[in-house]
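Asker: Next up, coords_5.txt (compact mmCIF, C-alpha atoms and all ligand atoms).
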# COMPACT_ATOMS: atom_id res chain seq x y z
CA MET A 246 13.28 -50.85 76.69
CA PHE A 247 13.11 -48.39 73.84
CA GLU A 248 12.07 -45.35 75.87
CA THR A 249 11.35 -43.14 72.87
CA LEU A 250 8.72 -45.61 71.71
CA VAL A 251 6.86 -45.77 75.03
CA PRO A 252 4.54 -42.85 74.15
CA LEU A 253 3.62 -44.84 71.04
CA GLY A 254 2.52 -47.78 73.15
CA TRP A 255 5.74 -49.77 73.48
CA ASP A 256 5.75 -51.82 76.68
CA GLU A 257 7.27 -54.88 78.36
CA ARG A 258 4.85 -57.15 76.62
CA TRP A 259 5.84 -55.87 73.18
CA ALA A 260 9.47 -56.15 74.19
CA SER A 261 9.05 -59.84 74.94
CA THR A 262 7.02 -60.35 71.76
CA LEU A 263 9.91 -58.89 69.77
CA GLU A 264 12.44 -60.86 71.78
CA SER A 265 10.79 -64.16 70.98
CA ALA A 266 10.05 -63.33 67.33
CA GLU A 267 13.13 -61.47 66.09
CA PRO A 268 15.71 -61.00 68.83
CA GLY A 269 18.09 -58.16 68.05
CA ALA A 270 15.80 -56.43 65.57
CA LEU A 271 14.64 -52.86 66.11
CA PRO A 272 10.95 -52.29 66.78
CA GLY A 273 8.99 -49.68 64.91
CA ARG A 274 5.35 -48.67 64.79
CA VAL A 275 3.71 -48.23 61.42
CA LEU A 276 2.38 -44.69 61.10
CA GLN A 277 1.25 -45.10 57.55
CA HIS A 278 1.36 -47.63 54.75
CA HIS A 279 1.49 -46.36 51.23
CA GLY A 280 2.14 -48.43 48.17
CA ALA A 281 5.60 -49.92 48.48
CA GLY A 282 6.62 -48.02 51.59
CA LEU A 283 5.98 -47.89 55.29
CA VAL A 284 6.35 -44.80 57.40
CA VAL A 285 7.68 -46.24 60.64
CA ALA A 286 8.50 -44.67 63.99
CA LEU A 287 11.79 -46.25 65.05
CA PRO A 288 13.67 -45.70 68.32
CA GLU A 289 15.88 -43.07 66.65
CA GLY A 290 13.20 -41.34 64.64
CA THR A 291 10.67 -41.67 61.88
CA GLU A 292 11.66 -43.19 58.58
CA THR A 293 10.13 -44.32 55.36
CA ILE A 294 11.24 -47.83 54.62
CA MET A 295 10.59 -49.73 51.44
CA LEU A 296 8.86 -53.05 51.59
CA THR A 297 11.28 -55.20 49.69
CA LYS A 298 9.91 -58.52 50.72
CA ARG A 299 6.40 -59.71 51.17
CA LEU A 300 5.32 -59.93 54.77
CA ASP A 301 2.62 -62.16 56.11
CA PRO A 302 0.46 -60.64 57.42
CA GLU A 303 0.84 -57.51 55.39
CA PRO A 304 1.65 -54.62 57.74
CA THR A 305 -1.02 -52.02 58.34
CA VAL A 306 -1.19 -48.78 60.29
CA GLY A 307 -0.73 -49.42 64.01
CA ASP A 308 1.37 -52.53 63.53
CA TRP A 309 4.66 -53.06 65.31
CA VAL A 310 7.27 -54.32 62.90
CA ALA A 311 10.71 -55.79 63.43
CA VAL A 312 13.31 -53.86 61.44
CA VAL A 313 16.82 -54.96 60.47
CA ASP A 314 19.05 -52.82 58.23
CA ASP A 315 16.21 -50.50 57.26
CA GLU A 316 14.11 -53.42 56.23
CA ALA A 317 10.89 -54.62 57.84
CA ILE A 318 11.35 -58.33 58.33
CA ALA A 319 8.32 -59.26 60.42
CA VAL A 320 5.03 -58.02 61.79
CA LEU A 321 4.79 -58.64 65.53
CA ASP A 322 1.78 -60.68 66.65
CA ARG A 323 -1.11 -58.27 66.89
CA ARG A 324 -3.17 -57.63 69.96
CA SER A 325 -6.11 -56.58 67.85
CA LEU A 326 -7.06 -56.05 64.24
CA LEU A 327 -9.81 -53.82 62.98
CA ARG A 328 -10.96 -55.00 59.60
CA ARG A 329 -13.70 -54.65 57.14
CA ARG A 330 -15.31 -57.70 55.73
CA SER A 331 -17.14 -57.56 52.50
CA ALA A 332 -20.62 -58.96 52.29
CA HIS A 333 -19.66 -60.91 49.21
CA GLY A 334 -16.95 -62.94 50.79
CA ASP A 335 -14.05 -61.41 48.94
CA LYS A 336 -10.83 -60.46 50.63
CA GLU A 337 -11.14 -58.64 53.92
CA GLN A 338 -9.54 -55.25 54.27
CA GLN A 339 -7.23 -54.52 57.20
CA LEU A 340 -8.05 -51.14 58.69
CA ALA A 341 -5.77 -50.80 61.72
CA ALA A 342 -3.80 -53.01 64.07
CA ASN A 343 -3.28 -52.89 67.83
CA VAL A 344 -6.18 -50.57 68.57
CA ASP A 345 -7.04 -50.89 72.27
CA THR A 346 -10.22 -48.84 72.33
CA VAL A 347 -12.80 -48.00 69.69
CA LEU A 348 -14.70 -44.79 70.41
CA LEU A 349 -18.23 -45.07 69.06
CA VAL A 350 -19.37 -41.51 68.47
CA CYS A 351 -23.07 -40.62 68.52
CA GLY A 352 -24.41 -37.08 68.22
CA LEU A 353 -27.10 -36.19 70.73
CA ASP A 354 -28.58 -33.78 68.19
CA ARG A 355 -30.25 -36.81 66.62
CA PRO A 356 -31.83 -40.02 67.92
CA VAL A 357 -29.39 -42.48 69.50
CA LYS A 358 -29.82 -45.73 67.62
CA ASP A 359 -29.21 -48.91 69.58
CA GLY A 360 -28.69 -50.87 66.38
CA ARG A 361 -25.81 -48.61 65.35
CA ILE A 362 -24.19 -48.82 68.75
CA GLN A 363 -24.53 -52.56 68.73
CA ARG A 364 -22.98 -52.72 65.31
CA GLY A 365 -20.09 -50.62 66.58
CA THR A 366 -19.57 -52.72 69.69
CA THR A 367 -19.60 -55.81 67.49
CA ILE A 368 -16.93 -54.38 65.21
CA ALA A 369 -14.80 -53.42 68.21
CA ARG A 370 -15.14 -56.74 69.97
CA ASP A 371 -14.60 -58.70 66.82
CA ALA A 372 -11.35 -56.78 66.40
CA GLY A 373 -10.33 -57.61 69.97
CA ALA A 374 -10.70 -54.01 71.16
CA ARG A 375 -12.75 -52.35 73.89
CA PRO A 376 -15.82 -50.41 72.73
CA VAL A 377 -16.65 -47.10 74.42
CA VAL A 378 -19.68 -45.01 73.51
CA ILE A 379 -19.29 -41.25 73.33
CA LEU A 380 -22.54 -39.32 73.33
CA THR A 381 -21.44 -35.95 72.06
CA LYS A 382 -22.92 -32.54 71.22
CA ALA A 383 -24.70 -32.75 74.58
CA ALA A 384 -25.11 -28.97 74.63
CA ILE A 385 -27.04 -28.85 71.37
CA GLY A 386 -29.28 -31.82 71.96
CA ASP A 387 -33.02 -31.61 72.22
CA ALA A 388 -34.03 -29.27 75.03
CA ASP A 389 -36.27 -31.92 76.52
CA SER A 390 -33.82 -34.81 76.24
CA ASP A 391 -31.46 -35.29 79.14
CA PRO A 392 -27.93 -36.40 78.09
CA GLU A 393 -27.43 -38.31 81.33
CA GLN A 394 -30.68 -40.17 80.77
CA ALA A 395 -29.55 -41.02 77.25
CA ALA A 396 -26.29 -42.35 78.70
CA ALA A 397 -28.18 -44.42 81.28
CA ASP A 398 -30.33 -45.92 78.51
CA VAL A 399 -27.25 -46.86 76.49
CA ARG A 400 -25.65 -48.47 79.55
CA ILE A 401 -28.71 -50.64 80.10
CA ALA A 402 -28.94 -51.70 76.48
CA HIS A 403 -25.22 -52.40 76.15
CA PRO A 404 -24.04 -54.14 79.30
CA GLY A 405 -20.35 -53.78 80.00
CA VAL A 406 -19.81 -50.85 77.64
CA ASP A 407 -18.45 -47.59 79.06
CA VAL A 408 -20.49 -44.54 78.08
CA ILE A 409 -19.40 -40.93 78.42
CA VAL A 410 -21.13 -37.67 77.57
CA THR A 411 -19.21 -34.87 75.86
CA SER A 412 -19.80 -31.58 74.16
CA VAL A 413 -16.39 -30.81 72.79
CA ASN A 414 -17.04 -27.37 71.32
CA GLU A 415 -18.28 -26.38 74.75
CA GLY A 416 -15.32 -28.05 76.48
CA GLN A 417 -17.52 -30.58 78.26
CA GLY A 418 -16.39 -34.11 79.07
CA LEU A 419 -12.94 -33.79 77.53
CA ASP A 420 -11.02 -34.52 80.71
CA GLU A 421 -13.09 -37.62 81.24
CA LEU A 422 -12.43 -38.68 77.66
CA ARG A 423 -8.69 -38.14 78.04
CA ALA A 424 -8.65 -40.11 81.29
CA LEU A 425 -10.54 -42.91 79.61
CA ILE A 426 -8.06 -43.01 76.74
CA GLY A 427 -5.05 -43.01 79.06
CA THR A 428 -2.17 -44.47 77.08
CA ASP A 429 -4.40 -46.53 74.79
CA THR A 430 -4.35 -46.57 71.03
CA VAL A 431 -7.79 -45.41 69.97
CA THR A 432 -9.82 -44.88 66.85
CA LEU A 433 -13.25 -43.40 66.19
CA LEU A 434 -16.30 -44.79 64.46
CA GLY A 435 -19.53 -42.98 63.85
CA GLU A 436 -21.86 -41.82 61.15
CA SER A 437 -21.21 -38.70 59.12
CA GLY A 438 -21.84 -35.58 61.17
CA ALA A 439 -21.75 -37.46 64.47
CA GLY A 440 -18.95 -35.24 65.73
CA LYS A 441 -15.82 -37.32 65.10
CA SER A 442 -13.67 -34.56 63.58
CA SER A 443 -14.55 -32.22 66.41
CA ILE A 444 -13.39 -34.82 68.93
CA VAL A 445 -10.21 -35.52 66.95
CA ASN A 446 -9.41 -31.80 66.79
CA ALA A 447 -10.08 -31.35 70.49
CA LEU A 448 -7.84 -34.30 71.36
CA LEU A 449 -5.02 -33.32 69.02
CA GLY A 450 -5.06 -29.64 69.88
CA SER A 451 -3.52 -27.16 67.50
CA GLU A 452 0.02 -28.44 67.66
CA ILE A 453 1.16 -31.55 65.91
CA VAL A 454 3.17 -33.62 68.34
CA PRO A 455 6.32 -34.72 66.52
CA ILE A 456 6.93 -38.42 66.62
CA GLY A 457 10.51 -39.21 67.50
CA ALA A 458 13.45 -37.16 66.34
CA VAL A 459 13.90 -36.62 62.63
CA ARG A 460 17.32 -37.79 61.56
CA LYS A 461 19.42 -34.92 60.35
CA GLY A 462 21.33 -35.07 57.09
CA ASP A 463 19.61 -38.27 56.14
CA SER A 464 17.17 -37.89 53.31
CA LYS A 465 15.60 -41.21 54.11
CA GLY A 466 14.74 -39.84 57.50
CA ARG A 467 12.80 -36.92 56.15
CA HIS A 468 9.13 -37.27 56.48
CA THR A 469 6.05 -35.21 56.11
CA THR A 470 3.08 -35.26 58.36
CA THR A 471 0.59 -34.97 55.53
CA GLY A 472 -1.59 -37.99 55.32
CA ARG A 473 -0.20 -39.27 58.59
CA GLU A 474 -2.65 -41.78 59.96
CA LEU A 475 -1.31 -42.31 63.47
CA HIS A 476 -0.98 -39.41 65.88
CA LEU A 477 0.43 -38.95 69.35
CA LEU A 478 -2.06 -37.28 71.65
CA PRO A 479 -0.59 -34.46 73.76
CA SER A 480 -2.37 -35.86 76.80
CA GLY A 481 -1.09 -39.38 76.21
CA GLY A 482 -2.23 -42.20 74.02
CA VAL A 483 -2.30 -42.68 70.29
CA LEU A 484 -5.01 -41.86 67.78
CA ILE A 485 -5.44 -43.71 64.51
CA ASP A 486 -7.62 -41.92 62.00
CA THR A 487 -7.71 -43.11 58.40
CA PRO A 488 -10.04 -42.70 55.43
CA GLY A 489 -10.67 -46.46 55.52
CA ILE A 490 -11.87 -46.35 59.11
CA ARG A 491 -13.90 -43.23 58.39
CA ALA A 492 -15.64 -45.18 55.66
CA VAL A 493 -16.92 -47.80 58.08
CA GLY A 494 -20.49 -46.67 58.42
CA LEU A 495 -22.48 -47.93 61.33
CA VAL A 496 -25.41 -48.82 59.13
CA ALA A 497 -26.21 -52.49 59.45
CA GLU A 498 -26.54 -53.28 55.78
CA ASP A 499 -23.22 -52.22 54.36
CA ASP A 500 -21.23 -55.30 55.21
CA ALA A 501 -21.35 -58.60 56.90
CA VAL A 502 -20.78 -57.71 60.52
CA ALA A 503 -23.63 -59.95 61.55
CA GLU A 504 -21.44 -62.78 60.36
CA THR A 505 -18.36 -61.85 62.34
CA PHE A 506 -19.16 -64.32 65.07
CA SER A 507 -20.39 -67.00 62.71
CA ASP A 508 -17.58 -69.32 63.80
CA VAL A 509 -18.81 -69.20 67.40
CA ASP A 510 -22.43 -69.56 66.27
CA GLU A 511 -21.52 -72.66 64.31
CA VAL A 512 -19.91 -74.26 67.34
CA ALA A 513 -22.89 -73.33 69.53
CA GLU A 514 -25.15 -75.23 67.18
CA MET A 515 -23.32 -78.41 68.13
CA CYS A 516 -24.29 -78.16 71.81
CA ARG A 517 -26.32 -81.12 73.00
CA PHE A 518 -29.22 -78.97 74.15
CA ALA A 519 -30.80 -76.43 71.84
CA ASP A 520 -31.31 -74.06 74.76
CA CYS A 521 -27.77 -74.55 76.10
CA GLN A 522 -26.63 -71.55 78.14
CA HIS A 523 -22.96 -72.51 77.50
CA ASP A 524 -22.52 -72.19 81.20
CA GLY A 525 -21.46 -75.63 82.32
CA GLN A 526 -24.36 -77.53 80.74
CA PRO A 527 -23.55 -81.14 79.75
CA GLY A 528 -22.48 -81.59 76.15
CA CYS A 529 -21.68 -77.91 75.65
CA ALA A 530 -19.72 -77.56 72.42
CA ILE A 531 -18.53 -74.07 73.33
CA ALA A 532 -16.88 -75.40 76.48
CA GLN A 533 -15.21 -78.14 74.45
CA ALA A 534 -13.99 -75.70 71.81
CA LEU A 535 -12.54 -73.46 74.51
CA GLU A 536 -10.84 -76.45 76.06
CA SER A 537 -9.30 -77.56 72.79
CA GLY A 538 -8.25 -74.04 71.86
CA GLU A 539 -10.45 -74.06 68.76
CA LEU A 540 -12.12 -70.91 70.06
CA LEU A 541 -10.33 -68.07 71.83
CA THR A 542 -11.66 -66.96 75.21
CA GLY A 543 -11.80 -63.33 74.10
CA ARG A 544 -13.98 -64.09 71.13
CA VAL A 545 -16.42 -66.23 73.09
CA GLU A 546 -16.56 -63.41 75.64
CA GLY A 547 -17.33 -60.91 72.87
CA TRP A 548 -19.97 -63.22 71.46
CA ARG A 549 -21.63 -63.58 74.87
CA ARG A 550 -21.67 -59.82 75.37
CA LEU A 551 -23.20 -59.34 71.97
CA ARG A 552 -25.96 -61.80 72.78
CA GLU A 553 -26.63 -60.07 76.09
CA GLU A 554 -26.89 -56.78 74.25
CA SER A 555 -29.21 -58.21 71.62
CA GLU A 556 -31.46 -59.54 74.35
CA ALA A 557 -31.40 -56.25 76.26
CA ILE A 558 -32.26 -54.35 73.09
CA ALA A 559 -35.07 -56.75 72.23
CA GLN A 560 -36.44 -56.35 75.76
CA ARG A 561 -36.32 -52.59 75.52
CA ALA A 562 -38.10 -52.71 72.17
CA THR A 563 -40.81 -54.90 73.68
CA LEU A 564 -41.16 -52.52 76.63
CA ALA A 565 -41.37 -49.50 74.35
CA GLU A 566 -43.97 -51.28 72.25
CA GLN A 567 -45.90 -52.13 75.42
CA ARG A 568 -45.79 -48.50 76.55
CA ARG A 569 -47.01 -47.36 73.15
CA THR A 570 -49.88 -49.82 73.27
CA ASP A 571 -50.78 -48.72 76.80
CA ARG A 572 -50.66 -45.10 75.75
CA ASP A 573 -52.79 -45.72 72.67
CA PHE A 574 -55.16 -47.75 74.77
CA GLY A 575 -55.33 -44.92 77.30
CA LYS A 576 -56.00 -42.45 74.51
CA GLU A 577 -58.74 -44.64 73.09
CA ALA A 578 -60.30 -45.03 76.50
CA LYS A 579 -60.23 -41.27 76.97
CA GLU A 580 -61.72 -40.64 73.56
CA ALA A 581 -64.34 -43.25 74.18
CA LYS A 582 -65.19 -41.53 77.44
CA ARG A 583 -65.39 -38.17 75.77
CA SER A 584 -67.66 -39.47 73.05
CA GLY A 585 -69.79 -40.87 75.80
CA ARG A 586 -69.78 -44.42 74.57
CA HIS A 587 -69.14 -45.87 77.99
CA ARG A 588 -71.78 -44.02 79.82
N1 LIG B 1 -22.15 -27.23 69.57
C1 LIG B 1 -21.47 -28.32 69.21
N2 LIG B 1 -21.40 -28.66 67.91
C2 LIG B 1 -20.70 -29.75 67.56
C3 LIG B 1 -20.06 -30.56 68.53
N3 LIG B 1 -19.44 -31.59 67.90
C4 LIG B 1 -19.69 -31.43 66.59
N4 LIG B 1 -20.45 -30.33 66.37
C5 LIG B 1 -20.91 -29.84 65.07
O1 LIG B 1 -21.54 -30.90 64.37
C6 LIG B 1 -21.19 -30.89 63.00
C7 LIG B 1 -20.57 -32.22 62.60
O2 LIG B 1 -19.41 -32.44 63.39
P1 LIG B 1 -18.10 -33.15 62.81
O3 LIG B 1 -17.13 -33.22 63.93
O4 LIG B 1 -17.65 -32.54 61.55
O5 LIG B 1 -18.69 -34.59 62.49
P2 LIG B 1 -17.96 -35.85 61.80
O6 LIG B 1 -18.43 -37.05 62.52
O7 LIG B 1 -16.50 -35.63 61.74
O8 LIG B 1 -18.58 -35.82 60.36
P3 LIG B 1 -17.94 -36.37 58.98
O9 LIG B 1 -16.71 -35.55 58.73
O10 LIG B 1 -19.03 -36.12 57.98
O11 LIG B 1 -17.67 -37.82 59.18
C8 LIG B 1 -20.25 -29.71 62.81
O12 LIG B 1 -21.00 -28.62 62.34
C9 LIG B 1 -19.73 -29.45 64.21
O13 LIG B 1 -19.39 -28.10 64.41
C10 LIG B 1 -20.16 -30.17 69.91
O14 LIG B 1 -19.65 -30.82 70.82
N5 LIG B 1 -20.88 -29.05 70.19
ZN ZN B 2 -23.31 -74.84 74.94
Kindly transcribe the structure held in the file into structure tokens.

Answerer:
Amino acid sequence: MFETLVPLGWDERWASTLESAEPGALPGRVLQHHGAGLVVALPEGTETIMLTKRLDPEPTVGDWVAVVDDEAIAVLDRRSLLRRRSAHGDKEQQLAANVDTVLLVCGLDRPVKDGRIQRGTTIARDAGARPVVILTKAAIGDADSDPEQAAADVRIAHPGVDVIVTSVNEGQGLDELRALIGTDTVTLLGESGAGKSSIVNALLGSEIVPIGAVRKGDSKGRHTTTGRELHLLPSGGVLIDTPGIRAVGLVAEDDAVAETFSDVDEVAEMCRFADCQHDGQPGCAIAQALESGELLTGRVEGWRRLREESEAIAQRATLAEQRRTDRDFGKEAKEAKRSGRHR
């Protein structure tokens, strides 16, 4: 085991991934990718290494690479990949690899939008990561809106998603957030002004935690922390924060997230019964695709969750509509009474 890399997420599983891919190579985690170079945290310290040969896939921040003689020779099989797909079908953009948890940040000083949260959970699940909702700025929310009630509503609409309430400037909920992060690699998504930077600052604290030892007397080993995209959290875990990820809005229109599960949708259309629950029904194409390995269990799981959420949200919308109608009806009845029409 490369002990110095453990804080960066190195574990037995990565060790065996490296062993079967490139035995004898050194592992390193990509802290930053710029042009022709990679800033990589290696067992002995952080180094900038030049990309002399083309790697497939191309390494991105968060990747674990196999390094031999100061050269990255392979990207270890990823556990997750956060990416941005364009609506026009051109090349997808890799945003970060091996993110365990995506923190979906919503400010309680504005309405919590189910559609945005759903979009975020879709992005996270499509990447192969766990979505967690953070309702923040609890202390400056509407006086008559209860943060815990807001959290309960989100839990109902998004089954299986953890929700926590924070107010970082006020020091609220931070311990819970740190516990939830544990040793995970996390990143944040949320609209502008949601409170992401405040959370990042609270998690990072004032001191920058150095990654590995800087090699002395070796100019190649010198590195700066400016523009660093992967940070060690003092309380454990790793934070990836990049301009590319920041640019992922949670507004439904700006790319083709709705299409991220289109492969599963296409298979589902082949089921014998149009109302197949994909739950052991005869002629279920999903079951067959799982069997044959055409679809991965994790993706079908994510797809199911997404459908559950969509249904829950639709139900809530119907309920809200019903309540509005009842209220309006009640108002009309009252007005009618007042005007004496029913007498
Ligand atoms: N009182 C209070 N204010 C907060 C809290 N979190 C964020 N704010 C304020 O809300 C505003 C926006 O917060 P940021 O953390 O900058 O939001 P952001 O998501 O990083 O926004 P962008 O940088 O535009 O993406 C700032 O004025 C913060 O001071 C909080 O927990 N409590
Ligand atoms: Zn089916």

Asker: Name the residues, by chain letter and number, that sit within 9 Å of ligand ZN 2 (chain B) using only C-alpha atoms and all ligand atoms, and give them as an MDAnalysis selection string.

Answerer: chainID A and resid 512:533

Asker: Can you list, as an mmCIF file with C-alpha atoms, in the coordinates of the input, every protein, DNA or RNA residue that comes within 7 Å of segment 263-276 of chain A when you count all atoms listed in the file, leaving out same-chain residues fewer than 4 positions away?

Answerer:
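The new file part17.cif reads:
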data_model
loop_
_atom_site.group_PDB
_atom_site.id
_atom_site.type_symbol
_atom_site.label_atom_id
_atom_site.label_comp_id
_atom_site.auth_asym_id
_atom_site.auth_seq_id
_atom_site.Cartn_x
_atom_site.Cartn_y
_atom_site.Cartn_z
ATOM 1 C CA TRP A 259 5.840 -55.870 73.180
ATOM 2 C CA LEU A 283 5.980 -47.890 55.290
ATOM 3 C CA VAL A 284 6.350 -44.800 57.400
ATOM 4 C CA VAL A 285 7.680 -46.240 60.640
ATOM 5 C CA ALA A 286 8.500 -44.670 63.990
ATOM 6 C CA LEU A 287 11.790 -46.250 65.050
ATOM 7 C CA THR A 305 -1.020 -52.020 58.340
ATOM 8 C CA VAL A 306 -1.190 -48.780 60.290
ATOM 9 C CA GLY A 307 -0.730 -49.420 64.010
ATOM 10 C CA ASP A 308 1.370 -52.530 63.530
ATOM 11 C CA TRP A 309 4.660 -53.060 65.310
ATOM 12 C CA VAL A 310 7.270 -54.320 62.900
ATOM 13 C CA ALA A 311 10.710 -55.790 63.430
ATOM 14 C CA VAL A 312 13.310 -53.860 61.440
ATOM 15 C CA VAL A 313 16.820 -54.960 60.470
ATOM 16 C CA LEU A 321 4.790 -58.640 65.530
ATOM 17 C CA ARG A 473 -0.200 -39.270 58.590
ATOM 18 C CA GLU A 474 -2.650 -41.780 59.960
ATOM 19 C CA LEU A 475 -1.310 -42.310 63.470
#

Asker: Take the point (-16.9, -39.4, 73.6) in the file's coordinates, draw a sphere of radius 8 Å around it, and report as a PyMOL selection string every protein, DNA or RNA residue with an atom inside or on it, counting only C-alpha atoms.

Answerer: chain A and resi 348-350+377-381+408-411+418-419+422+444

Asker: Quick one: which chain A residues come within 6 Å of ligand LIG 1 (chain B), and what is the nearest atom pair for each with the distance in Å to one decimal, counting only C-alpha atoms and all ligand atoms, rows ordered by chain and ascending number, as a tab-separated table?

Answerer:
residue	atom	partner	partner_atom	distance
A:Thr381	CA	B:LIG1	O14	5.6
A:Lys382	CA	B:LIG1	O14	3.7
A:Ile385	CA	B:LIG1	N1	5.5
A:Ser412	CA	B:LIG1	O14	3.4
A:Val413	CA	B:LIG1	O14	3.8
A:Asn414	CA	B:LIG1	N5	4.3
A:Glu415	CA	B:LIG1	N5	5.9
A:Ser437	CA	B:LIG1	O10	3.6
A:Gly438	CA	B:LIG1	O8	3.4
A:Ala439	CA	B:LIG1	O6	3.9
A:Gly440	CA	B:LIG1	O3	3.3
A:Lys441	CA	B:LIG1	O6	3.7
A:Ser442	CA	B:LIG1	O7	3.5
A:Ser443	CA	B:LIG1	O3	3.7

Asker: To one decimal in Å, tell me the separation between atom CA of Ala447 of chain A and atom CA of Asp420 of chain A.

Answerer: 10.7 Å

Asker: Tell me, in Å to one decimal, how far atom CA of Leu541 of chain A is from atom CA of Pro376 of chain A.

Answerer: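 Answer for the atom CA of Leu541 of chain A to atom CA of Pro376 of chain A separation: 18.5 Å.
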
Asker: Go through A:Thr367, A:Thr346, A:Asn446, A:Thr430 one by one, measure the shortest atom-to-atom distance of each to Glu554 of chain A using all atoms listed in the file, and give the residue with the smallest value.

Answerer: A:Thr367

Asker: So that I can check the surroundings of Pro288 of chain A, please list as a PDB file with C-alpha atoms, in the frame of the given file every protein, DNA and RNA residue that reaches within 7 Å of it, counting all atoms listed in the file and ignoring chain neighbours fewer than 2 positions away.

Answerer:
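Dumped everything to selection_35.pdb:
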ATOM      1  CA  PHE A 247      13.110 -48.390  73.840  1.00  0.00           C
ATOM      2  CA  THR A 249      11.350 -43.140  72.870  1.00  0.00           C
ATOM      3  CA  LEU A 250       8.720 -45.610  71.710  1.00  0.00           C
ATOM      4  CA  ALA A 286       8.500 -44.670  63.990  1.00  0.00           C
ATOM      5  CA  GLY A 290      13.200 -41.340  64.640  1.00  0.00           C
TER       6      GLY A 290
END

Asker: What is the atom CA of Glu257 of chain A-atom CA of Val344 of chain A distance in Å, reported with one decimal?

Answerer: 17.2 Å
